[in-house]
Amino acid sequence: MKAIATVLLFLFAIRLLGAATDALSPFLRGVLREVVVGDVPALGVSWLASYLLANGSVVAALALSLFDADLIVTSQLYLMIVGSRLGAAAIVVFIGAFDYVHEELGTLRESVSLGLLAFLLTHSIYLPVLVLGYLVLPLVTPAAAVDRAVPGPETGVPDVLSVATGSIIDGVGAGAAFALALGAIFLSMRSFDRILDGVDKQQLRDRYISRLQHKWTSFVVGLVVTGFTTSIAFSLGVVVPLYNRGHVKRSEIMPYVLGANIGTLVDTLVVAVALDTPVGVTVVALLLVVGLVVTMLALLLYPLYTSVIDAVQSEILSTVAYFVAFLVSLLVVPLLLVFIH
């Protein structure tokens, strides 16, 4: 019952976010005109927004609502969703570095090892996906764009959610409704995470996660667990204790993380469907397909791929100075993207 209520809250929050964004479109259009002056700044803005909100999924949902309100174009939507994943991947690294610097927990390598690994795996996939998907995007979106431009016939069936969201916006104002929608999305995600905390993780580890010796099995398990739960925090939380205790090898957890990075797009696809935007669904589906193709290529070249990831991680963690420079780049790169016109 609690799970059903959480799902309903999430869907209602998405609809409220879309309606509030549409109501705020004159204001948001002026703001976006100053900040998102092209495709590249859109990537930088969503990357930074993931840092500020500490949640890439919320940023992706916000990007879809902006697109649904005609405030950004298709290419900017694609890049903002990719940027949400690039930014979200760095959050765990920041947390690990903060603990190391301020709390002196263990060594730098211990504090950020898994977070940095997840970051490198995410960026190694999503940077090629960014380029390939951006090039393919014009070929797959024209038909959906026509559907977006030409509204379908009215069915005459009252939309209860539209009535409810409209009443909230009229009652508290568009700005407050926008903030309320974001808060409700956060609340629903936190509620779902608490529900998942009740899952018997030990049984899940014994039955499935402990059998990650084969790279394809590991990949599929990571994809299915994350896609089904729509929570990469849960899917990684299940496997981290095994990794930290040496029960799962580094070479076994890497395909699992790759699968989780694809499965985490499922909730973004749900948002696109909930907003009833065909182009948004097409964009997310394209991202899923291209991400899957690039990941398959990485798995086919697995020995070479893992050796490159290992070399890069070892270089970053070799000294504190290198790691600090890496952290600085995580802030500088998205900021530079924002100012590229």
# chains A, B, ... in the order shown; residues from 1 in each chain; ligands from 1

call {"tool": "residues_around", "arguments": {"residues": "segment 30-46 of chain A", "least_positions_apart": "6", "cutoff": "10 Å", "atoms": "only C-alpha atoms", "output": "PyMOL selection string"}}
result
chain A and resi 52+56+59-60+62-63+66+71-88+130+331+333-341

call {"tool": "closest_residue", "arguments": {"among": "A:Leu117, A:Asp276, A:Lys2, A:Leu132", "to": "Val308 of chain A", "atoms": "only C-alpha atoms"}}
result
A:Leu117

call {"tool": "residues_around", "arguments": {"residues": "Leu64 of chain A", "least_positions_apart": "4", "cutoff": "8 Å", "atoms": "only C-alpha atoms", "output": "PyMOL selection string"}}
result
chain A and resi 60+68+77+271-272+275+280

call {"tool": "write_last_selection", "arguments": {"atoms": "C-alpha atoms", "output": "CSV table (one decimal), in the first residue's frame"}}
result
chain,number,residue,atom,x,y,z
A,60,ALA,CA,16.3,15.0,-15.8
A,68,ASP,CA,7.1,20.0,-22.4
A,77,LEU,CA,16.7,18.2,-23.8
A,271,VAL,CA,8.7,10.8,-16.3
A,272,ALA,CA,8.6,11.3,-20.1
A,275,LEU,CA,4.2,14.1,-19.1
A,280,GLY,CA,10.6,13.3,-24.7

call {"tool": "residues_around", "arguments": {"residues": "Val257 of chain A", "least_positions_apart": "2", "cutoff": "10 Å", "atoms": "only C-alpha atoms", "output": "ChimeraX atom specification"}}
result
/A:117-119,121-122,218-219,221-223,226,232,235-236,239,252-255,259-263

call {"tool": "atom_distance", "arguments": {"atom1": "atom CA of Val293 of chain A", "atom2": "atom CA of Gly115 of chain A"}}
result
23.8 Å

call {"tool": "atom_distance", "arguments": {"atom1": "atom CA of Ile309 of chain A", "atom2": "atom CA of Ser50 of chain A"}}
result
23.7 Å

call {"tool": "closest_residue", "arguments": {"among": "A:Gly18, A:Val266, A:Val129, A:Asn55", "to": "Arg190 of chain A", "atoms": "only C-alpha atoms"}}
result
A:Asn55

call {"tool": "atom_distance", "arguments": {"atom1": "atom CA of Trp216 of chain A", "atom2": "atom CA of Ile125 of chain A"}}
result
16.4 Å
